[in-house]
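Dropping run18.cif in here (mmCIF, C-alpha atoms):
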data_model
loop_
_atom_site.label_atom_id
_atom_site.label_comp_id
_atom_site.auth_asym_id
_atom_site.auth_seq_id
_atom_site.Cartn_x
_atom_site.Cartn_y
_atom_site.Cartn_z
CA MET A 445 34.59 38.18 163.66
CA SER A 446 35.71 38.36 160.08
CA ASP A 447 33.68 36.98 157.24
CA GLN A 448 35.92 33.91 157.22
CA GLU A 449 33.75 32.15 159.74
CA ASN A 450 30.60 33.37 158.23
CA ILE A 451 31.07 31.54 155.00
CA VAL A 452 30.88 28.13 156.65
CA LEU A 453 27.98 29.33 158.72
CA ARG A 454 26.20 30.53 155.60
CA LEU A 455 26.85 27.30 153.76
CA ILE A 456 25.44 25.20 156.56
CA ASP A 457 22.45 27.46 156.90
CA ARG A 458 21.67 27.54 153.24
CA HIS A 459 22.74 24.12 152.01
CA GLY A 460 22.68 22.11 155.24
CA GLN A 461 20.52 19.31 153.90
CA ARG A 462 22.51 18.93 150.71
CA LEU A 463 25.80 18.98 152.61
CA LEU A 464 24.52 16.26 154.92
CA THR A 465 23.35 14.05 152.06
CA ASP A 466 26.59 14.44 150.12
CA TRP A 467 28.68 13.86 153.20
CA LEU A 468 26.85 10.64 154.06
CA ALA A 469 27.22 9.52 150.45
CA TYR A 470 30.98 10.01 150.69
CA GLN A 471 31.13 8.14 153.98
CA ARG A 472 29.17 5.26 152.56
CA LYS A 473 31.63 4.97 149.73
CA ASP A 474 34.52 4.36 152.14
CA VAL A 475 33.04 2.55 155.10
CA ARG A 476 30.80 -0.46 155.02
CA TYR A 477 28.50 -0.29 158.01
CA ALA A 478 27.24 -3.51 159.45
CA GLY A 479 23.46 -3.29 159.77
CA THR A 480 21.08 -0.44 159.29
CA GLN A 481 21.13 0.54 162.92
CA ARG A 482 24.74 1.65 162.65
CA GLU A 483 23.84 3.70 159.59
CA ALA A 484 20.95 5.43 161.31
CA GLU A 485 23.28 6.27 164.16
CA THR A 486 25.78 7.74 161.75
CA VAL A 487 23.14 9.94 160.12
CA GLU A 488 22.13 11.20 163.53
CA LEU A 489 25.76 11.83 164.48
CA ALA A 490 26.43 13.67 161.25
CA ARG A 491 23.42 15.90 161.79
CA ARG A 492 24.48 16.74 165.32
CA PHE A 493 28.03 17.34 164.14
CA LEU A 494 26.83 19.91 161.59
CA ASP A 495 24.72 21.61 164.27
CA HIS A 496 27.69 21.85 166.58
CA LEU A 497 29.93 22.97 163.76
CA ARG A 498 27.49 25.72 162.92
CA ALA A 499 27.28 26.80 166.55
CA GLY A 500 31.05 26.72 166.85
CA ALA A 501 31.63 28.58 163.60
CA GLN A 502 29.46 31.41 164.89
CA ILE A 503 31.63 32.23 167.85
CA ALA A 504 34.91 30.35 167.83
CA GLN A 505 38.30 30.53 166.13
CA PHE A 506 39.08 27.93 163.51
CA ASP A 507 42.70 27.74 164.53
CA ASP A 508 42.23 26.35 168.00
CA ILE A 509 39.83 23.53 168.74
CA GLU A 510 40.82 23.40 172.40
CA THR A 511 38.68 26.41 173.29
CA PRO A 512 35.46 25.91 175.27
CA GLU A 513 33.38 26.92 172.23
CA TRP A 514 34.36 23.70 170.51
CA ARG A 515 33.62 21.52 173.51
CA PRO A 516 30.31 20.08 172.20
CA ILE A 517 32.02 18.99 169.00
CA ARG A 518 34.97 17.51 170.92
CA GLU A 519 32.63 15.53 173.14
CA LEU A 520 30.74 14.26 170.11
CA LEU A 521 34.00 13.11 168.52
CA GLU A 522 35.12 11.46 171.76
CA ASP A 523 31.87 9.49 171.92
CA LEU A 524 32.16 8.58 168.26
CA SER A 525 35.75 7.34 168.47
CA ARG A 526 35.10 5.43 171.68
CA ASP A 527 32.10 3.70 170.10
CA ARG A 528 34.08 2.81 167.02
CA ALA A 529 37.14 1.64 168.91
CA ILE A 530 34.98 -0.69 170.99
CA GLY A 531 33.01 -1.72 167.90
CA GLY A 532 36.21 -2.89 166.22
CA PHE A 533 36.45 -0.26 163.48
CA SER A 534 39.86 0.53 162.01
CA PRO A 535 41.46 3.96 162.53
CA THR A 536 40.86 4.80 158.87
CA GLU A 537 37.20 3.96 159.11
CA THR A 538 36.90 6.10 162.22
CA ALA A 539 38.68 9.13 160.78
CA THR A 540 36.77 8.89 157.51
CA PHE A 541 33.75 10.25 159.36
CA ILE A 542 35.48 13.63 159.61
CA PHE A 543 37.67 13.65 156.54
CA SER A 544 34.87 12.74 154.15
CA LEU A 545 33.28 16.08 155.04
CA LYS A 546 36.00 17.86 153.07
CA GLU A 547 34.86 16.96 149.58
CA PRO A 548 31.24 18.08 149.82
CA LEU A 549 32.19 21.15 151.86
CA PHE A 550 34.83 22.24 149.38
CA ALA A 551 32.45 21.63 146.51
CA LEU A 552 29.98 24.00 148.12
CA LEU A 553 32.75 26.52 148.78
CA ARG A 554 33.74 26.40 145.13
CA GLU A 555 30.20 27.10 144.02
CA GLU A 556 29.76 29.86 146.55
CA LEU A 557 33.03 31.67 145.86
CA ARG A 558 33.27 31.03 142.15
CA ASP A 559 34.01 34.67 141.47
CA ASP A 560 36.57 35.28 144.21
CA THR A 561 39.50 32.92 143.65
CA GLU A 562 41.74 34.43 146.25
CA ARG A 563 39.11 34.09 148.96
CA LEU A 564 38.26 30.60 147.80
CA VAL A 565 41.84 29.51 148.34
CA ARG A 566 41.96 31.20 151.74
CA GLU A 567 38.66 29.71 152.89
CA THR A 568 39.56 26.28 151.61
CA SER A 569 42.81 26.20 153.52
CA THR A 570 41.23 27.51 156.74
CA THR A 571 38.41 25.01 156.62
CA SER A 572 40.79 22.24 155.69
CA ARG A 573 42.94 23.04 158.72
CA LEU A 574 39.92 22.88 161.01
CA ILE A 575 38.79 19.55 159.64
CA ASP A 576 42.32 18.17 159.85
CA ARG A 577 42.50 19.15 163.49
CA LEU A 578 39.16 17.58 164.25
CA GLY A 579 40.25 14.43 162.43
CA LEU A 580 43.50 14.21 164.35
CA TYR A 581 41.61 14.74 167.58
CA THR A 582 39.32 11.86 166.65
CA ILE A 583 42.29 9.59 166.01
CA GLU A 584 43.85 10.55 169.32
CA CYS A 585 40.66 9.69 171.17
CA TYR A 586 40.44 6.47 169.24
CA ALA A 587 43.99 5.49 170.19
CA ARG A 588 43.35 6.44 173.80
CA THR A 589 40.30 4.22 173.96
CA ARG A 590 42.23 1.35 172.39
CA GLU A 591 45.00 1.73 174.95
CA GLU A 592 42.46 1.73 177.75
CA ILE A 593 40.97 -1.48 176.40
CA ILE A 594 44.40 -3.10 176.20
CA ARG A 595 45.31 -2.01 179.71
CA ARG A 596 42.05 -3.36 181.10
CA GLN A 597 42.49 -6.66 179.31
CA GLN A 598 46.04 -6.99 180.64
CA GLN A 599 44.77 -6.41 184.14
CA GLU A 600 41.97 -8.92 183.71
CA LEU A 601 44.35 -11.48 182.27
CA LEU A 602 46.65 -11.02 185.22
CA GLU A 603 43.85 -11.62 187.69
CA LEU A 604 42.33 -14.46 185.71
CA SER A 605 45.50 -16.39 185.31
CA THR A 606 46.57 -16.68 188.93
CA PRO A 607 43.99 -18.64 190.87
CA VAL A 608 44.82 -20.48 194.09
CA VAL A 609 42.79 -23.64 194.54
CA GLN A 610 42.17 -25.55 197.73
CA LEU A 611 42.62 -29.23 196.88
CA TRP A 612 42.24 -30.65 200.34
CA ASP A 613 42.26 -29.52 203.92
CA GLY A 614 45.70 -27.93 204.25
CA ILE A 615 46.69 -28.49 200.61
CA LEU A 616 46.67 -25.65 198.09
CA ALA A 617 47.27 -25.82 194.36
CA LEU A 618 48.62 -23.00 192.23
CA PRO A 619 48.15 -23.77 188.54
CA LEU A 620 50.32 -21.33 186.62
CA ILE A 621 49.29 -20.49 183.06
CA GLY A 622 51.47 -18.41 180.78
CA THR A 623 54.92 -16.92 181.27
CA LEU A 624 56.10 -15.76 184.65
CA ASP A 625 57.42 -12.21 184.61
CA SER A 626 58.24 -10.08 187.64
CA ALA A 627 54.84 -8.43 187.82
CA ARG A 628 53.02 -11.74 187.69
CA THR A 629 55.35 -13.38 190.17
CA GLN A 630 54.56 -10.60 192.58
CA ILE A 631 50.82 -11.16 192.23
CA VAL A 632 51.17 -14.94 192.36
CA MET A 633 53.28 -14.70 195.49
CA GLU A 634 50.96 -12.30 197.24
CA SER A 635 47.86 -14.32 196.51
CA LEU A 636 49.54 -17.63 197.45
CA LEU A 637 50.83 -16.28 200.77
CA GLN A 638 47.46 -14.73 201.60
CA HIS A 639 45.76 -18.04 200.91
CA ILE A 640 48.29 -19.80 203.12
CA VAL A 641 47.45 -17.40 205.95
CA ASP A 642 43.71 -17.73 205.38
CA SER A 643 43.53 -21.49 205.08
CA GLY A 644 46.47 -22.46 207.26
CA ALA A 645 47.72 -24.74 204.51
CA GLU A 646 51.04 -26.52 205.02
CA ILE A 647 51.54 -27.80 201.51
CA ALA A 648 51.30 -25.88 198.24
CA ILE A 649 51.46 -27.60 194.87
CA ILE A 650 52.79 -25.33 192.13
CA ASP A 651 51.73 -26.70 188.78
CA ILE A 652 53.64 -25.43 185.76
CA THR A 653 51.83 -27.42 183.06
CA GLY A 654 50.69 -24.13 181.52
CA VAL A 655 54.09 -22.44 181.58
CA PRO A 656 55.43 -22.63 178.03
CA THR A 657 59.14 -22.35 178.80
CA VAL A 658 61.31 -22.33 181.90
CA ASP A 659 64.43 -20.22 181.52
CA THR A 660 66.72 -18.91 184.23
CA LEU A 661 64.47 -15.95 184.93
CA VAL A 662 61.31 -18.03 185.28
CA ALA A 663 63.21 -20.49 187.45
CA GLN A 664 64.36 -17.65 189.66
CA HIS A 665 60.80 -16.45 190.03
CA LEU A 666 59.68 -19.97 190.91
CA ILE A 667 62.41 -20.24 193.52
CA LYS A 668 61.35 -16.92 195.01
CA THR A 669 57.76 -18.06 195.29
CA ILE A 670 58.81 -21.35 196.86
CA SER A 671 61.11 -19.63 199.37
CA ALA A 672 58.41 -17.14 200.35
CA ALA A 673 55.91 -19.96 200.91
CA ARG A 674 58.51 -21.79 202.96
CA LEU A 675 59.02 -18.74 205.16
CA MET A 676 55.30 -18.84 205.86
CA GLY A 677 55.64 -22.43 206.96
CA ALA A 678 54.28 -24.10 203.82
CA ASP A 679 56.22 -26.67 201.81
CA CYS A 680 56.00 -26.54 198.04
CA ILE A 681 55.80 -29.36 195.55
CA LEU A 682 56.46 -28.59 191.91
CA SER A 683 54.31 -30.50 189.44
CA GLY A 684 53.40 -30.59 185.78
CA ILE A 685 56.96 -30.64 184.50
CA ARG A 686 56.93 -31.63 180.85
CA PRO A 687 59.78 -33.73 179.46
CA GLN A 688 60.98 -30.80 177.39
CA ILE A 689 61.15 -28.58 180.46
CA ALA A 690 62.96 -31.23 182.48
CA GLN A 691 65.62 -31.26 179.76
CA THR A 692 65.84 -27.47 179.70
CA ILE A 693 66.24 -27.31 183.48
CA VAL A 694 69.15 -29.74 183.35
CA HIS A 695 70.79 -28.11 180.33
CA LEU A 696 70.65 -24.70 181.99
CA GLY A 697 72.00 -26.18 185.21
CA LEU A 698 69.15 -24.81 187.30
CA GLU A 699 68.88 -25.88 190.93
CA LEU A 700 65.27 -25.71 192.03
CA ASN A 701 65.87 -27.45 195.38
CA VAL A 702 62.30 -28.59 195.66
CA VAL A 703 60.45 -31.88 195.44
CA SER A 704 59.06 -32.15 191.94
CA LYS A 705 56.57 -34.52 190.37
CA ALA A 706 55.63 -35.09 186.77
CA THR A 707 51.90 -34.73 187.28
CA MET A 708 49.58 -32.95 189.64
CA ALA A 709 48.09 -36.35 190.61
CA ASP A 710 51.46 -37.57 191.88
CA ALA A 711 51.96 -34.33 193.75
CA LEU A 712 48.55 -34.61 195.40
CA ALA A 713 49.25 -38.20 196.39
CA LEU A 714 52.52 -37.11 198.03
CA ALA A 715 50.83 -34.18 199.74
CA LEU A 716 48.13 -36.44 201.15
CA ARG A 717 50.71 -38.95 202.35
CA ARG A 718 52.67 -36.19 204.06
CA SER A 719 49.59 -34.96 205.86
CA GLY A 720 48.96 -38.50 207.06
CA LYS A 721 46.15 -39.49 204.72
CA THR A 722 45.96 -42.60 202.58
CA ILE A 723 43.84 -43.34 199.56
CA THR A 724 42.36 -46.81 199.37
CA GLU A 725 40.09 -48.48 196.88
CA ARG A 726 36.64 -49.15 198.19
CA LYS A 727 35.60 -52.80 198.22
CA LEU A 728 32.32 -52.73 196.35
CA PRO A 729 29.66 -55.43 196.66
CA ALA A 730 29.05 -57.53 193.56
CA ALA A 731 25.74 -55.85 192.69
CA PRO A 732 26.22 -53.28 189.89
CA GLU A 733 25.66 -49.67 190.76
CA ARG A 734 22.82 -47.88 189.17
CA MET B 346 66.91 -1.62 228.30
CA ALA B 347 63.91 -3.69 227.31
CA GLU B 348 64.25 -7.40 227.73
CA ILE B 349 62.63 -10.02 225.54
CA PRO B 350 60.73 -12.54 227.67
CA ILE B 351 61.32 -16.24 227.16
CA LEU B 352 58.33 -18.42 228.04
CA ARG B 353 58.46 -22.10 228.69
CA ILE B 354 55.82 -24.45 227.26
CA GLY B 355 56.60 -28.06 228.19
CA ASP B 356 60.05 -28.70 226.80
CA CYS B 357 59.78 -25.80 224.37
CA LEU B 358 60.82 -22.19 224.78
CA LEU B 359 58.70 -19.45 223.24
CA VAL B 360 60.26 -16.12 222.31
CA SER B 361 57.97 -13.41 221.01
CA ILE B 362 59.81 -10.50 219.42
CA GLN B 363 57.65 -7.42 219.63
CA VAL B 364 60.12 -4.54 219.73
CA ASP B 365 62.71 -3.26 217.28
CA MET B 366 65.85 -5.34 217.50
CA HIS B 367 69.27 -3.83 217.77
CA ASP B 368 72.73 -5.21 218.38
CA ARG B 369 72.77 -5.29 222.16
CA LEU B 370 69.24 -6.61 222.45
CA ALA B 371 70.05 -9.37 219.98
CA LEU B 372 73.20 -10.33 221.89
CA ALA B 373 71.26 -10.30 225.17
CA LEU B 374 68.59 -12.51 223.64
CA GLN B 375 71.18 -15.00 222.39
CA ASP B 376 72.77 -15.07 225.86
CA ASP B 377 69.46 -15.55 227.65
CA LEU B 378 68.19 -18.14 225.22
CA THR B 379 71.25 -20.36 225.21
CA GLN B 380 71.30 -20.13 229.00
CA ARG B 381 67.65 -21.16 229.24
CA ILE B 382 68.02 -24.01 226.75
CA VAL B 383 70.70 -25.47 228.99
CA THR B 384 69.02 -24.83 232.37
CA ASP B 385 65.51 -25.87 231.25
CA ARG B 386 66.83 -28.72 229.11
CA ALA B 387 64.60 -27.46 226.32
CA ARG B 388 64.34 -29.46 223.10
CA GLY B 389 62.65 -26.84 220.98
CA VAL B 390 62.75 -23.08 220.46
CA MET B 391 59.93 -21.16 218.87
CA ILE B 392 60.46 -17.56 217.76
CA ASP B 393 57.29 -15.62 217.07
CA ILE B 394 57.79 -12.65 214.73
CA SER B 395 54.13 -11.94 213.96
CA ALA B 396 54.49 -8.48 215.48
CA LEU B 397 57.34 -7.49 213.18
CA GLU B 398 56.42 -5.48 210.12
CA ILE B 399 59.98 -5.18 208.93
CA VAL B 400 62.55 -7.96 208.97
CA ASP B 401 65.92 -6.88 207.60
CA SER B 402 69.14 -8.74 207.01
CA PHE B 403 70.19 -8.06 210.62
CA ILE B 404 67.21 -9.86 212.11
CA GLY B 405 67.51 -12.52 209.43
CA ARG B 406 71.08 -13.20 210.47
CA MET B 407 70.11 -13.20 214.14
CA LEU B 408 67.42 -15.82 213.48
CA ASN B 409 69.92 -17.95 211.60
CA ASN B 410 72.43 -17.61 214.45
CA ILE B 411 69.89 -18.59 217.10
CA ALA B 412 68.91 -21.63 215.03
CA ALA B 413 72.54 -22.67 214.67
CA MET B 414 73.27 -22.17 218.38
CA SER B 415 70.17 -24.14 219.41
CA LYS B 416 71.19 -26.92 217.09
CA VAL B 417 74.53 -27.21 218.82
CA LEU B 418 72.61 -27.53 222.11
CA ASP B 419 70.37 -30.18 220.50
CA ALA B 420 67.23 -28.07 220.28
CA VAL B 421 65.24 -27.44 217.10
CA THR B 422 64.25 -23.90 216.13
CA VAL B 423 61.05 -22.87 214.38
CA VAL B 424 60.22 -19.33 213.31
CA VAL B 425 56.48 -18.68 213.31
CA GLY B 426 54.03 -15.97 212.33
CA MET B 427 55.84 -14.29 209.48
CA ARG B 428 53.62 -11.89 207.56
CA PRO B 429 53.21 -12.30 203.78
CA ALA B 430 54.71 -8.88 203.09
CA VAL B 431 57.72 -9.73 205.25
CA ALA B 432 58.20 -13.04 203.46
CA ILE B 433 58.11 -11.35 200.06
CA THR B 434 60.60 -8.70 201.18
CA LEU B 435 62.99 -11.30 202.56
CA VAL B 436 62.86 -13.30 199.34
CA GLU B 437 63.43 -10.17 197.25
CA LEU B 438 66.45 -9.43 199.43
CA GLY B 439 67.73 -12.92 198.72
CA LEU B 440 67.39 -14.00 202.36
CA GLY B 441 65.68 -17.36 202.30
CA LEU B 442 66.50 -18.13 205.98
CA THR B 443 67.53 -21.55 204.76
CA GLY B 444 68.87 -22.61 208.13
CA VAL B 445 65.57 -22.14 209.92
CA ARG B 446 62.35 -24.14 209.89
CA THR B 447 59.16 -22.10 209.67
CA ALA B 448 55.51 -22.51 210.55
CA LEU B 449 52.42 -20.40 209.99
CA ASN B 450 51.46 -19.82 213.62
CA VAL B 451 52.31 -20.85 217.19
CA ASP B 452 49.91 -23.79 217.03
CA LYS B 453 51.47 -25.28 213.92
CA GLY B 454 54.91 -24.39 215.22
CA LEU B 455 54.37 -26.43 218.38
CA ALA B 456 53.10 -29.35 216.32
CA LEU B 457 56.13 -29.12 214.04
CA ILE B 458 58.55 -29.03 216.98
CA ARG B 459 56.81 -32.04 218.53
CA ARG B 460 57.09 -33.91 215.23
CA MET B 461 60.75 -32.98 214.82
CA ILE B 462 61.60 -34.06 218.36
CA ASP B 463 59.62 -37.29 218.28
CA TYR B 464 60.53 -38.41 214.76
CA PRO B 465 63.76 -36.64 213.89
CA GLU B 466 64.45 -38.89 210.92
CA ARG B 467 60.91 -39.17 209.56
CA ASP B 468 60.52 -35.51 208.76
CA ASP B 469 63.59 -35.52 206.56
CA ALA B 470 62.54 -38.73 204.90
CA ASP B 471 59.15 -37.19 204.17
CA ARG B 472 60.77 -34.31 202.33
CA GLU B 473 62.87 -36.55 200.19
CA ARG B 474 60.02 -38.59 198.86
#
In structure tokens, how does this file's structure come out?
Amino acid sequence: MSDQENIVLRLIDRHGQRLLTDWLAYQRKDVRYAGTQREAETVELARRFLDHLRAGAQIAQFDDIETPEWRPIRELLEDLSRDRAIGGFSPTETATFIFSLKEPLFALLREELRDDTERLVRETSTTSRLIDRLGLYTIECYARTREEIIRRQQQELLELSTPVVQLWDGILALPLIGTLDSARTQIVMESLLQHIVDSGAEIAIIDITGVPTVDTLVAQHLIKTISAARLMGADCILSGIRPQIAQTIVHLGLELNVVSKATMADALALALRRSGKTITERKLPAAPER
Amino acid sequence: MAEIPILRIGDCLLVSIQVDMHDRLALALQDDLTQRIVTDRARGVMIDISALEIVDSFIGRMLNNIAAMSKVLDAVTVVVGMRPAVAITLVELGLGLTGVRTALNVDKGLALIRRMIDYPERDDADRER
């Protein structure tokens, strides 16, 4: 252990409180925390960070933060960046937590090593490198958390947007919302076929009211779904075709080869008729209903 | 060589494919089936493939052939019991089995054959509407 490490250790030991206060002041200048609770948390985090930094500085190398000695500090930063990513902070706001330590720390270094310029420069660059690494690590964790959130939301969206509804005994409806890509078609198909097996339905109404555009690719996916349902012994009716989409289908020369209806209501009426049911108006007595 | 049994239910013939198909077996089945349609004067043929986990283009073509042959002999063909995974694979392969009618299970298949025999024109009209 050279005296390189010891200088940071000494600074934290001797001026810990002042360092903490200055650091928090710098943070406050850059980041506006919503509510006092967040601020109290930050103070606590900063204190723990300095503790860990002190512990790390005692035993570890400044050049490599991947060593086990720095694990407590890495974990603290992981927690911090995860919290902030979920809390909707920007990357800058997240990284400021680390980078704002530089100013007060360097100020202390300057005071401490006023007489030894060469060492001051050396210490400053070493410490700066460490803080840079920690900052980059924080950003990486932050980005990772954000990606996780995005992935989870994608997954949820996928599951949310492909429900299969039982409209009547033997009649299923599949309201499609959003664009149909290959991945979604796969899920839609699987869930439709499984529902056909489970309910023994013979008619499936595919409603495309929520599909913004129908191009050749989407049409191909629709045809696939319809063919697969047909192989399972269920007939499909396409419904919810908007005028714009009807025009597109004709302009593109797409052959859907399926009975299509403008509205889900028409499709249901046809489905009921096919399964031998009729809808009649009930003759009500003259007395008004309560 | 294994033989695929052909069972008679009323005026329908039920074929349940439960072993891997290969050329000779398929030819033998087509021979047997056409023979039985004629001798039993069957009006409908039901092919159960619920035991098959893989249906490739070979079996797909065989099903189409059987349907076409039965049609010439004035019998309707319904394929029943296809698994969802098989259906998806077939569609991905571009094999829609367009020449064959399908039903979910044997029960519904029988009902469909009955409907097709009793009201040959109504079923088509239903689809058009």
Counting all atoms listed in the file, which residues from chain A have an atom at most 12 Å from any atom of chain B, and could you show them as a tab-separated table (two decimals) with C-alpha atoms, keeping the file's coordinate frame?
chain	number	residue	atom	x	y	z
A	614	GLY	CA	45.70	-27.93	204.25
A	626	SER	CA	58.24	-10.08	187.64
A	629	THR	CA	55.35	-13.38	190.17
A	630	GLN	CA	54.56	-10.60	192.58
A	631	ILE	CA	50.82	-11.16	192.23
A	632	VAL	CA	51.17	-14.94	192.36
A	633	MET	CA	53.28	-14.70	195.49
A	634	GLU	CA	50.96	-12.30	197.24
A	635	SER	CA	47.86	-14.32	196.51
A	636	LEU	CA	49.54	-17.63	197.45
A	637	LEU	CA	50.83	-16.28	200.77
A	638	GLN	CA	47.46	-14.73	201.60
A	639	HIS	CA	45.76	-18.04	200.91
A	640	ILE	CA	48.29	-19.80	203.12
A	641	VAL	CA	47.45	-17.40	205.95
A	642	ASP	CA	43.71	-17.73	205.38
A	643	SER	CA	43.53	-21.49	205.08
A	644	GLY	CA	46.47	-22.46	207.26
A	645	ALA	CA	47.72	-24.74	204.51
A	646	GLU	CA	51.04	-26.52	205.02
A	647	ILE	CA	51.54	-27.80	201.51
A	664	GLN	CA	64.36	-17.65	189.66
A	665	HIS	CA	60.80	-16.45	190.03
A	666	LEU	CA	59.68	-19.97	190.91
A	667	ILE	CA	62.41	-20.24	193.52
A	668	LYS	CA	61.35	-16.92	195.01
A	669	THR	CA	57.76	-18.06	195.29
A	670	ILE	CA	58.81	-21.35	196.86
A	671	SER	CA	61.11	-19.63	199.37
A	672	ALA	CA	58.41	-17.14	200.35
A	673	ALA	CA	55.91	-19.96	200.91
A	674	ARG	CA	58.51	-21.79	202.96
A	675	LEU	CA	59.02	-18.74	205.16
A	676	MET	CA	55.30	-18.84	205.86
A	677	GLY	CA	55.64	-22.43	206.96
A	678	ALA	CA	54.28	-24.10	203.82
A	679	ASP	CA	56.22	-26.67	201.81
A	680	CYS	CA	56.00	-26.54	198.04
A	681	ILE	CA	55.80	-29.36	195.55
A	701	ASN	CA	65.87	-27.45	195.38
A	702	VAL	CA	62.30	-28.59	195.66
A	703	VAL	CA	60.45	-31.88	195.44
A	704	SER	CA	59.06	-32.15	191.94
A	705	LYS	CA	56.57	-34.52	190.37
A	710	ASP	CA	51.46	-37.57	191.88
A	711	ALA	CA	51.96	-34.33	193.75
A	713	ALA	CA	49.25	-38.20	196.39
A	714	LEU	CA	52.52	-37.11	198.03
A	715	ALA	CA	50.83	-34.18	199.74
A	716	LEU	CA	48.13	-36.44	201.15
A	717	ARG	CA	50.71	-38.95	202.35
A	718	ARG	CA	52.67	-36.19	204.06
A	719	SER	CA	49.59	-34.96	205.86
A	720	GLY	CA	48.96	-38.50	207.06
- [ ] Check what the PyMOL selection byres ((chain B and resi 381) around 12) selects in the file above and give those residues as an MDAnalysis selection string.
- [x] chainID B and resid 350:353 356:360 374:380 382:390 415 418 420
Open item on the list: For the PyMOL selection byres ((chain A and resi 535) around 10), applied here, can you spell out every residue it catches as a PyMOL selection string?
Closed with: chain A and resi 525+528-529+532-534+536-540+582-584+586-587
- [ ] On this file, the PyMOL selection byres ((chain A and resi 605) around 9) gives some set of residues; write that set as JSON, numbers by chain.
- [x] {"A": [600, 601, 602, 603, 604, 606, 607, 619, 620, 621, 622]}
Task: Point-to-point distance from atom CA of Arg454 of chain A to atom CA of Arg558 of chain A, Å rounded to tenths - done: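 Interatomic distance here is 15.2 Å.
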TODO: Identify, on the basis of all atoms listed in the file, every residue whose closest approach to segment 483-492 of chain A does not exceed 10 Å; exclude the query and any residue fewer than 6 positions from it along the same chain; express the result as a PyMOL selection string.
DONE: chain A and resi 460-461+463-465+467-468+471-472+476-477+498+516-517+520-521+523-524+541-542+545
- [ ] Record the distance separating atom CA of Ala627 of chain A and atom CA of Gln599 of chain A, expressed in Å with one decimal.
- [x] 10.9 Å
Open item on the list: If we count all atoms listed in the file and set the cut-off at 12 Å, which residues sit around Asp508 of chain A, ignoring sequence neighbours fewer than 2 positions away in its own chain? Please answer as a list in words.
Closed with: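 Those residues are Gly500, Ala501, Ala504, Gln505, Phe506, Glu510, Thr511, Pro512, Glu513, Trp514, Arg515, Arg518, Thr570, Arg573, Leu574, Ile575, Asp576, Arg577, Leu578 and Tyr581 of chain A.
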Open item on the list: To one decimal place in Å, what is the distance between atom CA of Arg628 of chain A and atom CA of Thr653 of chain A?
Closed with: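 Separation of atom CA of Arg628 of chain A and atom CA of Thr653 of chain A: 16.4 Å.
Residue nearest Asp466 of chain A within the list A:Gln502, A:Thr660, A:Ser544, A:Thr589: A:Ser544 [criterion: smallest interatomic distance, only C-alpha atoms].
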Task: Residue contacts of Met708 of chain A (8 Å, all atoms listed in the file) excluding same-chain residues fewer than 5 positions away, as an MDAnalysis selection string - done: chainID A and resid 649 651 683:684
Create the file for the chosen residues now, containing C-alpha atoms and written as a compact mmCIF listing (two decimals), keeping the file's coordinate frame.
# COMPACT_ATOMS: atom_id res chain seq x y z
CA ILE A 649 51.46 -27.60 194.87
CA ASP A 651 51.73 -26.70 188.78
CA SER A 683 54.31 -30.50 189.44
CA GLY A 684 53.40 -30.59 185.78
Would you compute, for all listed atoms of segment 416-422 of chain B, the axis-aligned bounding box grown by 8 Å on each side, and then report its centre and edge lengths in Å rounded to one decimal, as lines of an AutoDock Vina configuration file?
center_x = 69.4
center_y = -27.0
center_z = 219.1
size_x = 26.3
size_y = 22.3
size_z = 22.0
